[in-house]
$ cat upload-v7.cif   # mmCIF, C-alpha atoms
data_coords
#
loop_
_atom_site.group_PDB
_atom_site.id
_atom_site.type_symbol
_atom_site.label_atom_id
_atom_site.label_comp_id
_atom_site.auth_asym_id
_atom_site.auth_seq_id
_atom_site.Cartn_x
_atom_site.Cartn_y
_atom_site.Cartn_z
ATOM 1 C CA MET A 1 4.923 -19.046 23.417
ATOM 2 C CA ASN A 2 1.929 -16.797 22.789
ATOM 3 C CA ALA A 3 -0.100 -15.061 25.514
ATOM 4 C CA ALA A 4 -2.958 -17.576 25.328
ATOM 5 C CA ALA A 5 -0.601 -20.513 25.794
ATOM 6 C CA THR A 6 1.129 -18.761 28.680
ATOM 7 C CA ALA A 7 -2.206 -18.094 30.372
ATOM 8 C CA ALA A 8 -3.116 -21.771 30.008
ATOM 9 C CA GLN A 9 -0.064 -22.929 31.963
ATOM 10 C CA PRO A 10 -1.073 -24.358 35.383
ATOM 11 C CA ARG A 11 -0.214 -22.211 38.381
ATOM 12 C CA PRO A 12 2.240 -23.794 40.838
ATOM 13 C CA ALA A 13 0.898 -25.206 44.098
ATOM 14 C CA MET A 14 1.354 -23.668 47.525
ATOM 15 C CA LEU A 15 2.841 -26.013 50.145
ATOM 16 C CA LEU A 16 0.541 -26.747 53.088
ATOM 17 C CA THR A 17 2.916 -26.422 56.039
ATOM 18 C CA ALA A 18 2.819 -26.803 59.820
ATOM 19 C CA CYS A 19 4.541 -23.854 61.478
ATOM 20 C CA TYR A 20 6.808 -24.098 64.505
ATOM 21 C CA LEU A 21 4.254 -22.454 66.773
ATOM 22 C CA TYR A 22 2.770 -25.943 67.237
ATOM 23 C CA THR A 23 6.068 -27.197 68.643
ATOM 24 C CA ILE A 24 6.714 -24.355 71.091
ATOM 25 C CA ASP A 25 3.087 -24.163 72.236
ATOM 26 C CA THR A 26 3.043 -27.910 72.865
ATOM 27 C CA TYR A 27 6.534 -28.540 74.255
ATOM 28 C CA GLY A 28 7.784 -25.197 75.602
ATOM 29 C CA TYR A 29 10.171 -22.447 74.576
ATOM 30 C CA PRO A 30 12.621 -23.594 73.434
ATOM 31 C CA PRO A 31 11.786 -27.293 73.186
ATOM 32 C CA SER A 32 14.450 -29.887 73.830
ATOM 33 C CA ILE A 33 15.903 -31.737 70.869
ATOM 34 C CA ALA A 34 13.887 -34.810 71.921
ATOM 35 C CA ASP A 35 10.678 -32.792 72.102
ATOM 36 C CA GLY A 36 11.385 -31.286 68.690
ATOM 37 C CA LEU A 37 11.573 -34.815 67.285
ATOM 38 C CA ARG A 38 8.317 -35.700 69.074
ATOM 39 C CA ALA A 39 6.672 -32.726 67.380
ATOM 40 C CA ILE A 40 7.754 -34.123 64.009
ATOM 41 C CA ASP A 41 6.036 -37.398 64.968
ATOM 42 C CA ASP A 42 2.907 -35.500 66.021
ATOM 43 C CA LEU A 43 2.673 -33.531 62.793
ATOM 44 C CA ALA A 44 3.394 -36.570 60.622
ATOM 45 C CA ALA A 45 0.523 -38.378 62.378
ATOM 46 C CA MET A 46 -1.709 -35.390 61.549
ATOM 47 C CA GLY A 47 -0.884 -35.839 57.868
ATOM 48 C CA PHE A 48 1.543 -32.941 57.348
ATOM 49 C CA ARG A 49 4.303 -33.421 54.786
ATOM 50 C CA PHE A 50 5.834 -29.929 55.005
ATOM 51 C CA ILE A 51 7.127 -28.436 58.235
ATOM 52 C CA GLU A 52 8.843 -25.321 59.560
ATOM 53 C CA LEU A 53 11.648 -25.706 62.117
ATOM 54 C CA GLU A 54 13.507 -23.284 64.407
ATOM 55 C CA GLY A 55 16.515 -22.831 66.618
ATOM 56 C CA VAL A 56 15.550 -20.573 69.523
ATOM 57 C CA GLY A 57 18.551 -18.631 70.822
ATOM 58 C CA GLU A 58 22.248 -19.409 70.430
ATOM 59 C CA GLU A 59 22.339 -22.519 72.625
ATOM 60 C CA HIS A 60 19.360 -24.117 70.902
ATOM 61 C CA ILE A 61 20.602 -23.117 67.414
ATOM 62 C CA ARG A 62 23.914 -24.850 68.164
ATOM 63 C CA ALA A 63 22.116 -27.933 69.482
ATOM 64 C CA VAL A 64 19.834 -28.149 66.444
ATOM 65 C CA HIS A 65 22.846 -27.718 64.156
ATOM 66 C CA ALA A 66 24.765 -30.444 65.998
ATOM 67 C CA THR A 67 21.838 -32.888 65.690
ATOM 68 C CA ARG A 68 20.710 -31.871 62.193
ATOM 69 C CA ALA A 69 21.404 -35.355 60.796
ATOM 70 C CA ARG A 70 18.942 -36.849 63.325
ATOM 71 C CA THR A 71 16.343 -34.304 62.277
ATOM 72 C CA ARG A 72 16.835 -34.953 58.572
ATOM 73 C CA ASP A 73 16.618 -38.705 59.136
ATOM 74 C CA ALA A 74 13.410 -38.266 61.157
ATOM 75 C CA LEU A 75 11.864 -36.198 58.369
ATOM 76 C CA GLU A 76 12.939 -38.572 55.608
ATOM 77 C CA ARG A 77 11.572 -41.638 57.419
ATOM 78 C CA ARG A 78 8.176 -39.945 57.626
ATOM 79 C CA GLY A 79 8.167 -38.592 54.086
ATOM 80 C CA MET A 80 8.342 -35.008 55.353
ATOM 81 C CA ARG A 81 10.307 -31.973 54.216
ATOM 82 C CA CYS A 82 11.507 -28.885 56.071
ATOM 83 C CA VAL A 83 10.553 -25.846 53.973
ATOM 84 C CA ASN A 84 11.750 -23.058 56.287
ATOM 85 C CA PHE A 85 14.269 -22.833 59.125
ATOM 86 C CA CYS A 86 14.297 -19.901 61.547
ATOM 87 C CA PRO A 87 17.316 -19.204 63.774
ATOM 88 C CA VAL A 88 15.779 -16.924 66.437
ATOM 89 C CA LEU A 89 18.696 -14.667 67.327
ATOM 90 C CA ARG A 90 17.949 -11.257 68.805
ATOM 91 C CA PRO A 91 21.589 -10.009 68.769
ATOM 92 C CA LEU A 92 21.389 -9.925 64.961
ATOM 93 C CA MET A 93 19.652 -6.547 65.360
ATOM 94 C CA ALA A 94 21.776 -5.244 68.239
ATOM 95 C CA ASP A 95 22.856 -1.625 68.180
ATOM 96 C CA ASP A 96 26.366 -2.765 69.149
ATOM 97 C CA ALA A 97 28.444 -3.784 66.110
ATOM 98 C CA GLY A 98 30.444 -6.363 68.079
ATOM 99 C CA GLU A 99 27.271 -8.144 69.197
ATOM 100 C CA ARG A 100 26.025 -8.242 65.630
ATOM 101 C CA ARG A 101 29.271 -9.659 64.265
ATOM 102 C CA ALA A 102 29.246 -12.432 66.875
ATOM 103 C CA ALA A 103 25.617 -13.192 65.967
ATOM 104 C CA TYR A 104 26.493 -13.544 62.270
ATOM 105 C CA ASP A 105 28.652 -16.577 63.116
ATOM 106 C CA VAL A 106 25.709 -18.198 64.904
ATOM 107 C CA PHE A 107 23.350 -17.282 62.052
ATOM 108 C CA ARG A 108 25.738 -19.075 59.701
ATOM 109 C CA LEU A 109 25.042 -22.282 61.657
ATOM 110 C CA GLY A 110 21.336 -21.651 61.106
ATOM 111 C CA ALA A 111 21.912 -21.237 57.371
ATOM 112 C CA GLU A 112 23.967 -24.436 57.295
ATOM 113 C CA THR A 113 21.133 -26.225 59.098
ATOM 114 C CA ALA A 114 18.535 -24.894 56.642
ATOM 115 C CA ALA A 115 20.605 -25.999 53.648
ATOM 116 C CA PHE A 116 21.345 -29.412 55.181
ATOM 117 C CA LEU A 117 17.621 -30.002 55.784
ATOM 118 C CA GLY A 118 16.784 -28.948 52.224
ATOM 119 C CA ALA A 119 14.821 -25.841 53.220
ATOM 120 C CA PRO A 120 14.752 -23.122 50.538
ATOM 121 C CA THR A 121 14.409 -20.286 53.073
ATOM 122 C CA VAL A 122 16.084 -19.146 56.277
ATOM 123 C CA HIS A 123 14.013 -16.814 58.424
ATOM 124 C CA VAL A 124 14.826 -13.830 60.652
ATOM 125 C CA ALA A 125 12.878 -11.128 62.512
ATOM 126 C CA SER A 126 13.624 -7.491 63.294
ATOM 127 C CA TYR A 127 12.937 -7.837 67.050
ATOM 128 C CA LEU A 128 12.226 -5.108 69.582
ATOM 129 C CA PRO A 129 13.954 -1.724 69.568
ATOM 130 C CA PRO A 130 16.483 -1.160 72.381
ATOM 131 C CA VAL A 131 14.118 0.811 74.626
ATOM 132 C CA GLU A 132 13.044 0.160 78.205
ATOM 133 C CA PHE A 133 9.772 -1.755 78.520
ATOM 134 C CA ILE A 134 7.851 -1.001 81.689
ATOM 135 C CA GLY A 135 6.130 -4.293 82.387
ATOM 136 C CA PRO A 136 5.746 -7.074 79.790
ATOM 137 C CA ARG A 137 7.868 -7.260 76.638
ATOM 138 C CA PRO A 138 6.456 -8.878 73.488
ATOM 139 C CA TYR A 139 7.951 -12.125 72.137
ATOM 140 C CA VAL A 140 10.199 -12.686 75.147
ATOM 141 C CA GLY A 141 9.757 -16.277 76.365
ATOM 142 C CA ALA A 142 6.381 -17.889 75.679
ATOM 143 C CA LEU A 143 4.140 -15.994 73.275
ATOM 144 C CA ARG A 144 1.330 -14.150 75.059
ATOM 145 C CA PHE A 145 -1.468 -12.255 73.381
ATOM 146 C CA GLY A 146 -3.645 -9.477 74.719
ATOM 147 C CA GLU A 147 -0.830 -7.613 76.497
ATOM 148 C CA ARG A 148 -0.455 -3.847 76.708
ATOM 149 C CA TYR A 149 2.967 -2.270 76.361
ATOM 150 C CA GLN A 150 4.533 0.835 77.842
ATOM 151 C CA VAL A 151 8.078 2.034 77.153
ATOM 152 C CA ARG A 152 10.553 4.591 78.412
ATOM 153 C CA MET A 153 12.716 6.077 75.655
ATOM 154 C CA PRO A 154 16.446 6.249 76.500
ATOM 155 C CA ASP A 155 18.033 9.601 75.660
ATOM 156 C CA ALA A 156 20.801 7.782 73.773
ATOM 157 C CA PHE A 157 18.448 5.879 71.452
ATOM 158 C CA SER A 158 18.888 6.903 67.801
ATOM 159 C CA TRP A 159 16.517 5.485 65.205
ATOM 160 C CA ALA A 160 18.876 6.475 62.382
ATOM 161 C CA ARG A 161 21.727 4.501 63.978
ATOM 162 C CA GLN A 162 19.437 1.546 64.690
ATOM 163 C CA TRP A 163 18.136 1.541 61.109
ATOM 164 C CA ASP A 164 21.707 1.422 59.798
ATOM 165 C CA ALA A 165 22.315 -1.582 62.066
ATOM 166 C CA ILE A 166 19.227 -3.383 60.721
ATOM 167 C CA VAL A 167 20.257 -2.763 57.112
ATOM 168 C CA GLU A 168 23.813 -3.955 57.765
ATOM 169 C CA SER A 169 22.563 -7.086 59.515
ATOM 170 C CA ILE A 170 20.063 -8.056 56.831
ATOM 171 C CA ARG A 171 22.697 -7.551 54.126
ATOM 172 C CA ALA A 172 25.121 -9.777 56.052
ATOM 173 C CA CYS A 173 22.484 -12.468 56.633
ATOM 174 C CA ALA A 174 21.346 -12.332 52.989
ATOM 175 C CA ASP A 175 24.940 -12.789 51.855
ATOM 176 C CA ILE A 176 25.408 -15.782 54.200
ATOM 177 C CA ALA A 177 22.110 -17.224 52.950
ATOM 178 C CA HIS A 178 23.268 -16.748 49.345
ATOM 179 C CA GLU A 179 26.447 -18.726 50.072
ATOM 180 C CA HIS A 180 24.188 -21.655 50.987
ATOM 181 C CA GLY A 181 21.762 -21.244 48.079
ATOM 182 C CA LEU A 182 19.001 -19.890 50.340
ATOM 183 C CA THR A 183 16.483 -17.077 50.295
ATOM 184 C CA LEU A 184 16.450 -14.913 53.420
ATOM 185 C CA ILE A 185 12.971 -14.011 54.659
ATOM 186 C CA LEU A 186 11.768 -11.582 57.315
ATOM 187 C CA GLU A 187 8.214 -11.171 58.597
ATOM 188 C CA PRO A 188 6.894 -7.826 59.836
ATOM 189 C CA ARG A 189 5.579 -8.343 63.380
ATOM 190 C CA VAL A 190 3.621 -6.102 65.720
ATOM 191 C CA ALA A 191 5.844 -3.951 67.993
ATOM 192 C CA GLU A 192 9.065 -4.875 66.229
ATOM 193 C CA MET A 193 11.356 -2.546 64.321
ATOM 194 C CA VAL A 194 9.928 -3.672 60.968
ATOM 195 C CA SER A 195 6.233 -4.031 61.742
ATOM 196 C CA GLY A 196 4.300 -3.447 58.507
ATOM 197 C CA THR A 197 4.277 -3.812 54.746
ATOM 198 C CA ASP A 198 5.704 -0.406 53.896
ATOM 199 C CA ALA A 199 8.508 -0.741 56.432
ATOM 200 C CA MET A 200 9.327 -4.079 54.803
ATOM 201 C CA LEU A 201 9.398 -2.501 51.356
ATOM 202 C CA ARG A 202 11.635 0.293 52.618
ATOM 203 C CA LEU A 203 14.020 -2.256 54.125
ATOM 204 C CA MET A 204 14.164 -4.200 50.853
ATOM 205 C CA ASP A 205 15.031 -1.010 48.988
ATOM 206 C CA TRP A 206 17.864 -0.256 51.401
ATOM 207 C CA VAL A 207 19.244 -3.811 51.627
ATOM 208 C CA GLU A 208 19.450 -4.321 47.846
ATOM 209 C CA ARG A 209 19.818 -8.107 47.885
ATOM 210 C CA ASP A 210 17.961 -10.215 45.308
ATOM 211 C CA ASN A 211 17.594 -13.144 47.735
ATOM 212 C CA PHE A 212 15.861 -11.074 50.442
ATOM 213 C CA ARG A 213 12.098 -11.634 50.554
ATOM 214 C CA ALA A 214 9.105 -11.294 52.873
ATOM 215 C CA ASN A 215 7.334 -13.818 55.005
ATOM 216 C CA PHE A 216 3.706 -12.686 54.826
ATOM 217 C CA ASP A 217 2.231 -13.148 58.313
ATOM 218 C CA CYS A 218 -1.533 -12.669 58.097
ATOM 219 C CA ALA A 219 -2.163 -12.311 61.832
ATOM 220 C CA HIS A 220 0.537 -9.714 62.460
ATOM 221 C CA LEU A 221 -0.365 -7.629 59.415
ATOM 222 C CA ASN A 222 -4.065 -7.706 60.321
ATOM 223 C CA ALA A 223 -3.218 -6.530 63.827
ATOM 224 C CA GLN A 224 -1.398 -3.629 62.140
ATOM 225 C CA LYS A 225 -4.774 -2.712 60.559
ATOM 226 C CA GLU A 226 -3.570 -3.516 57.051
ATOM 227 C CA ILE A 227 -5.895 -4.661 54.263
ATOM 228 C CA LEU A 228 -4.166 -7.909 53.472
ATOM 229 C CA PRO A 229 -4.877 -8.363 49.734
ATOM 230 C CA ILE A 230 -3.486 -4.838 49.223
ATOM 231 C CA SER A 231 -0.434 -5.708 51.327
ATOM 232 C CA ALA A 232 0.123 -8.825 49.237
ATOM 233 C CA ARG A 233 -0.150 -6.801 46.009
ATOM 234 C CA LYS A 234 2.400 -4.283 47.327
ATOM 235 C CA LEU A 235 4.794 -7.172 47.977
ATOM 236 C CA ALA A 236 4.088 -8.954 44.674
ATOM 237 C CA GLY A 237 7.101 -10.959 43.570
ATOM 238 C CA ARG A 238 8.750 -10.462 46.965
ATOM 239 C CA ILE A 239 6.870 -13.013 49.095
ATOM 240 C CA ALA A 240 8.646 -16.308 49.820
ATOM 241 C CA GLY A 241 6.539 -17.631 52.705
ATOM 242 C CA VAL A 242 3.142 -17.182 54.354
ATOM 243 C CA HIS A 243 1.963 -17.651 57.948
ATOM 244 C CA LEU A 244 -1.786 -18.129 58.234
ATOM 245 C CA ALA A 245 -3.838 -17.388 61.354
ATOM 246 C CA ASP A 246 -6.797 -15.127 62.099
ATOM 247 C CA ASN A 247 -7.676 -12.325 64.510
ATOM 248 C CA ASP A 248 -10.044 -9.362 64.651
ATOM 249 C CA GLY A 249 -7.338 -6.707 64.325
ATOM 250 C CA THR A 250 -7.492 -5.586 67.974
ATOM 251 C CA ASP A 251 -4.668 -7.936 69.013
ATOM 252 C CA ASN A 252 -2.183 -10.146 67.214
ATOM 253 C CA ARG A 253 -3.813 -13.411 68.291
ATOM 254 C CA HIS A 254 -3.274 -16.474 66.107
ATOM 255 C CA LEU A 255 -6.791 -17.901 65.793
ATOM 256 C CA PHE A 256 -8.536 -20.424 63.560
ATOM 257 C CA PRO A 257 -9.693 -18.966 60.210
ATOM 258 C CA GLY A 258 -13.154 -17.508 60.640
ATOM 259 C CA ASP A 259 -12.658 -16.656 64.316
ATOM 260 C CA GLY A 260 -11.440 -13.202 63.257
ATOM 261 C CA ASN A 261 -12.077 -10.918 60.309
ATOM 262 C CA ILE A 262 -9.267 -11.661 57.833
ATOM 263 C CA ASP A 263 -10.309 -11.959 54.183
ATOM 264 C CA PHE A 264 -8.510 -15.228 53.462
ATOM 265 C CA GLU A 265 -10.189 -15.695 50.114
ATOM 266 C CA GLY A 266 -8.880 -12.300 48.990
ATOM 267 C CA VAL A 267 -5.383 -13.048 50.301
ATOM 268 C CA LEU A 268 -5.130 -16.530 48.790
ATOM 269 C CA ARG A 269 -6.570 -15.468 45.453
ATOM 270 C CA GLU A 270 -4.030 -12.633 45.285
ATOM 271 C CA LEU A 271 -1.149 -14.981 46.119
ATOM 272 C CA HIS A 272 -2.414 -17.419 43.485
ATOM 273 C CA ARG A 273 -2.623 -14.589 40.931
ATOM 274 C CA GLN A 274 1.039 -13.842 41.637
ATOM 275 C CA GLY A 275 2.026 -17.479 41.115
ATOM 276 C CA PHE A 276 3.140 -17.902 44.732
ATOM 277 C CA ALA A 277 4.444 -21.448 45.251
ATOM 278 C CA GLY A 278 6.062 -21.257 48.671
ATOM 279 C CA SER A 279 5.088 -22.419 52.115
ATOM 280 C CA LEU A 280 1.508 -21.725 53.243
ATOM 281 C CA GLY A 281 2.053 -22.224 56.954
ATOM 282 C CA ILE A 282 -0.638 -22.918 59.543
ATOM 283 C CA ASP A 283 0.431 -20.685 62.442
ATOM 284 C CA LEU A 284 -2.223 -21.160 65.131
ATOM 285 C CA GLY A 285 -1.212 -20.602 68.745
ATOM 286 C CA SER A 286 -2.421 -20.387 72.344
ATOM 287 C CA LEU A 287 -5.501 -22.476 71.565
ATOM 288 C CA PRO A 288 -6.861 -25.515 73.447
ATOM 289 C CA ASP A 289 -6.398 -28.895 71.763
ATOM 290 C CA LEU A 290 -3.892 -27.349 69.377
ATOM 291 C CA GLY A 291 -3.167 -30.544 67.453
ATOM 292 C CA ARG A 292 -6.822 -30.963 66.536
ATOM 293 C CA ARG A 293 -6.980 -27.309 65.485
ATOM 294 C CA PHE A 294 -3.957 -27.788 63.197
ATOM 295 C CA ARG A 295 -5.639 -30.827 61.602
ATOM 296 C CA ASP A 296 -8.918 -28.966 61.213
ATOM 297 C CA CYS A 297 -7.174 -25.955 59.690
ATOM 298 C CA ALA A 298 -5.405 -28.186 57.157
ATOM 299 C CA ALA A 299 -8.775 -29.676 56.175
ATOM 300 C CA TRP A 300 -10.288 -26.169 55.967
ATOM 301 C CA LEU A 301 -7.511 -24.989 53.667
ATOM 302 C CA ARG A 302 -7.773 -28.025 51.404
ATOM 303 C CA GLU A 303 -11.520 -27.504 51.086
ATOM 304 C CA ARG A 304 -11.344 -23.749 50.488
ATOM 305 C CA CYS A 305 -8.448 -23.896 48.053
ATOM 306 C CA ALA A 306 -10.234 -26.583 46.035
ATOM 307 C CA ALA A 307 -13.351 -24.401 45.919
ATOM 308 C CA TRP A 308 -11.351 -21.350 44.848
ATOM 309 C CA GLY A 309 -9.325 -23.224 42.223
ATOM 310 C CA ILE A 310 -6.030 -22.728 44.068
ATOM 311 C CA PRO A 311 -3.547 -25.639 43.819
ATOM 312 C CA LEU A 312 -2.357 -26.857 47.216
ATOM 313 C CA ASP A 313 0.314 -29.511 47.799
ATOM 314 C CA GLY A 314 -0.047 -31.361 51.088
#
$ encode --input "upload-v7.cif" --output "structure tokens"
Amino acid sequence: MNAAATAAQPRPAMLLTACYLYTIDTYGYPPSIADGLRAIDDLAAMGFRFIELEGVGEEHIRAVHATRARTRDALERRGMRCVNFCPVLRPLMADDAGERRAAYDVFRLGAETAAFLGAPTVHVASYLPPVEFIGPRPYVGALRFGERYQVRMPDAFSWARQWDAIVESIRACADIAHEHGLTLILEPRVAEMVSGTDAMLRLMDWVERDNFRANFDCAHLNAQKEILPISARKLAGRIAGVHLADNDGTDNRHLFPGDGNIDFEGVLRELHRQGFAGSLGIDLGSLPDLGRRFRDCAAWLRERCAAWGIPLDG
């Protein structure tokens, strides 16, 4: 095929997805299995066909795994598809090797759940470093924005040892994901051990697994003062999911597009240029009338993507 014919090929569509932040903001952290199924009903009524699901901590991961057939049936009856499953499991990044090994067995249940639900990706985070927080700790319990953090550094803390633990864990999780035909994704998040684009690239270089990719979280990267189209270009070919929310860069709030300063046109055009065809997840949180905001954001994305010539499924 010549270059002109190749250029004429249609670009694949991004998948308009409802992220799990709707579920935990609406029903609590973690939601019960029944509330998780109610959230599926809610999002189906809003018109979503693609959804992100989670297991929050070992007990909830085990419960979601045990009831995965109910979840798949609920999705199929509503014509919906799970496109990403996240087992939230902080011990995966523990400094202690025994804790990590025990967590790998629980992560395997998360990978089995993702594969059973037909999700192409299974999602992890790098979590907080093992230091002493004086006052609030980010991402512990319900998500809260606008907090200030202060830490006390333990004498025994070694970044080199912790980095080795992260690399080992991501390799192990990527290998488990590969056994189930999945791509492993990690999103850089403010205050965590992998918090920005270049840290993510460094981790990919160390992990050396072809099925390890990035989840591109617009709100977190903007709060890291990154220029998002540049970040996306740096990660070209290595992005397997996107979380979309806005903020003004002073805090990692998850606001409606236009209520912050993120250049969404630049980001989406860059992703389209790369041929990105994964989940484009609406990730709004801590907003009043959240269901309406999710619906409005879906309409906003459909309108903008149509205007920019970007195919969008959903």
$ closest_atom_pairs --input "upload-v7.cif" --of "stretch 171-229 of chain A" --to "stretch 96-108 of chain A" --cutoff "12 Å" --atoms "all atoms listed in the file" --output "JSON lines"
{"residue": "A:Arg171", "atom": "CA", "partner": "A:Tyr104", "partner_atom": "CA", "distance": 10.8}
{"residue": "A:Ala172", "atom": "CA", "partner": "A:Tyr104", "partner_atom": "CA", "distance": 7.4}
{"residue": "A:Cys173", "atom": "CA", "partner": "A:Tyr104", "partner_atom": "CA", "distance": 7.0}
{"residue": "A:Ala174", "atom": "CA", "partner": "A:Arg108", "partner_atom": "CA", "distance": 10.5}
{"residue": "A:Asp175", "atom": "CA", "partner": "A:Arg108", "partner_atom": "CA", "distance": 10.1}
{"residue": "A:Ile176", "atom": "CA", "partner": "A:Arg108", "partner_atom": "CA", "distance": 6.4}
{"residue": "A:Ala177", "atom": "CA", "partner": "A:Arg108", "partner_atom": "CA", "distance": 7.9}
{"residue": "A:His178", "atom": "CA", "partner": "A:Arg108", "partner_atom": "CA", "distance": 10.9}
{"residue": "A:Glu179", "atom": "CA", "partner": "A:Arg108", "partner_atom": "CA", "distance": 9.7}
{"residue": "A:His180", "atom": "CA", "partner": "A:Arg108", "partner_atom": "CA", "distance": 9.2}
{"residue": "A:Leu182", "atom": "CA", "partner": "A:Arg108", "partner_atom": "CA", "distance": 11.6}
{"residue": "A:Leu184", "atom": "CA", "partner": "A:Phe107", "partner_atom": "CA", "distance": 11.3}
$ residues_around --input "upload-v7.cif" --residues "stretch 131-147 of chain A" --least-positions-apart "2" --cutoff "9 Å" --atoms "only C-alpha atoms" --output "list in words"
Ile24, Asp25, Gly28, Tyr29, Pro30, Tyr127, Leu128, Pro129, Tyr149, Gln150, Val151, Arg152, Met153, Pro154, Phe157, Val190, Ala191, Glu192, Thr250, Asp251, Asn252, Arg253, His254, Gly285 and Ser286 of chain A
$ atom_distance --input "upload-v7.cif" --atom1 "atom CA of A:Leu15" --atom2 "atom CA of A:Met80"
11.8 Å
$ atom_distance --input "upload-v7.cif" --atom1 "atom CA of A:Phe85" --atom2 "atom CA of A:Asp259"
28.1 Å
$ residues_around --input "upload-v7.cif" --residues "A:Lys225" --least-positions-apart "5" --cutoff "12 Å" --atoms "all atoms listed in the file" --output "PyMOL selection string"
chain A and resi 190+195-197+218-220+230-231+247-252+261-262
$ atom_distance --input "upload-v7.cif" --atom1 "atom CA of A:Arg202" --atom2 "atom CA of A:Lys234"
11.6 Å
$ residues_around --input "upload-v7.cif" --residues "A:Tyr27" --least-positions-apart "5" --cutoff "10 Å" --atoms "all atoms listed in the file" --output "CSV table (one decimal) with C-alpha atoms, in the frame of the given file"
chain,number,residue,atom,x,y,z
A,21,LEU,CA,4.3,-22.5,66.8
A,22,TYR,CA,2.8,-25.9,67.2
A,32,SER,CA,14.4,-29.9,73.8
A,34,ALA,CA,13.9,-34.8,71.9
A,35,ASP,CA,10.7,-32.8,72.1
A,36,GLY,CA,11.4,-31.3,68.7
A,38,ARG,CA,8.3,-35.7,69.1
A,39,ALA,CA,6.7,-32.7,67.4
$ resolve_selection --input "upload-v7.cif" --expression "the PyMOL selection byres ((chain A and resi 297) around 10)" --output "number ranges by chain"
A: 244-245, 256-257, 282-284, 291-296, 298-303
$ closest_residue --input "upload-v7.cif" --among "A:Gln274, A:Thr17, A:Thr121, A:Ser279" --to "A:Ala44" --atoms "all atoms listed in the file"
A:Thr17
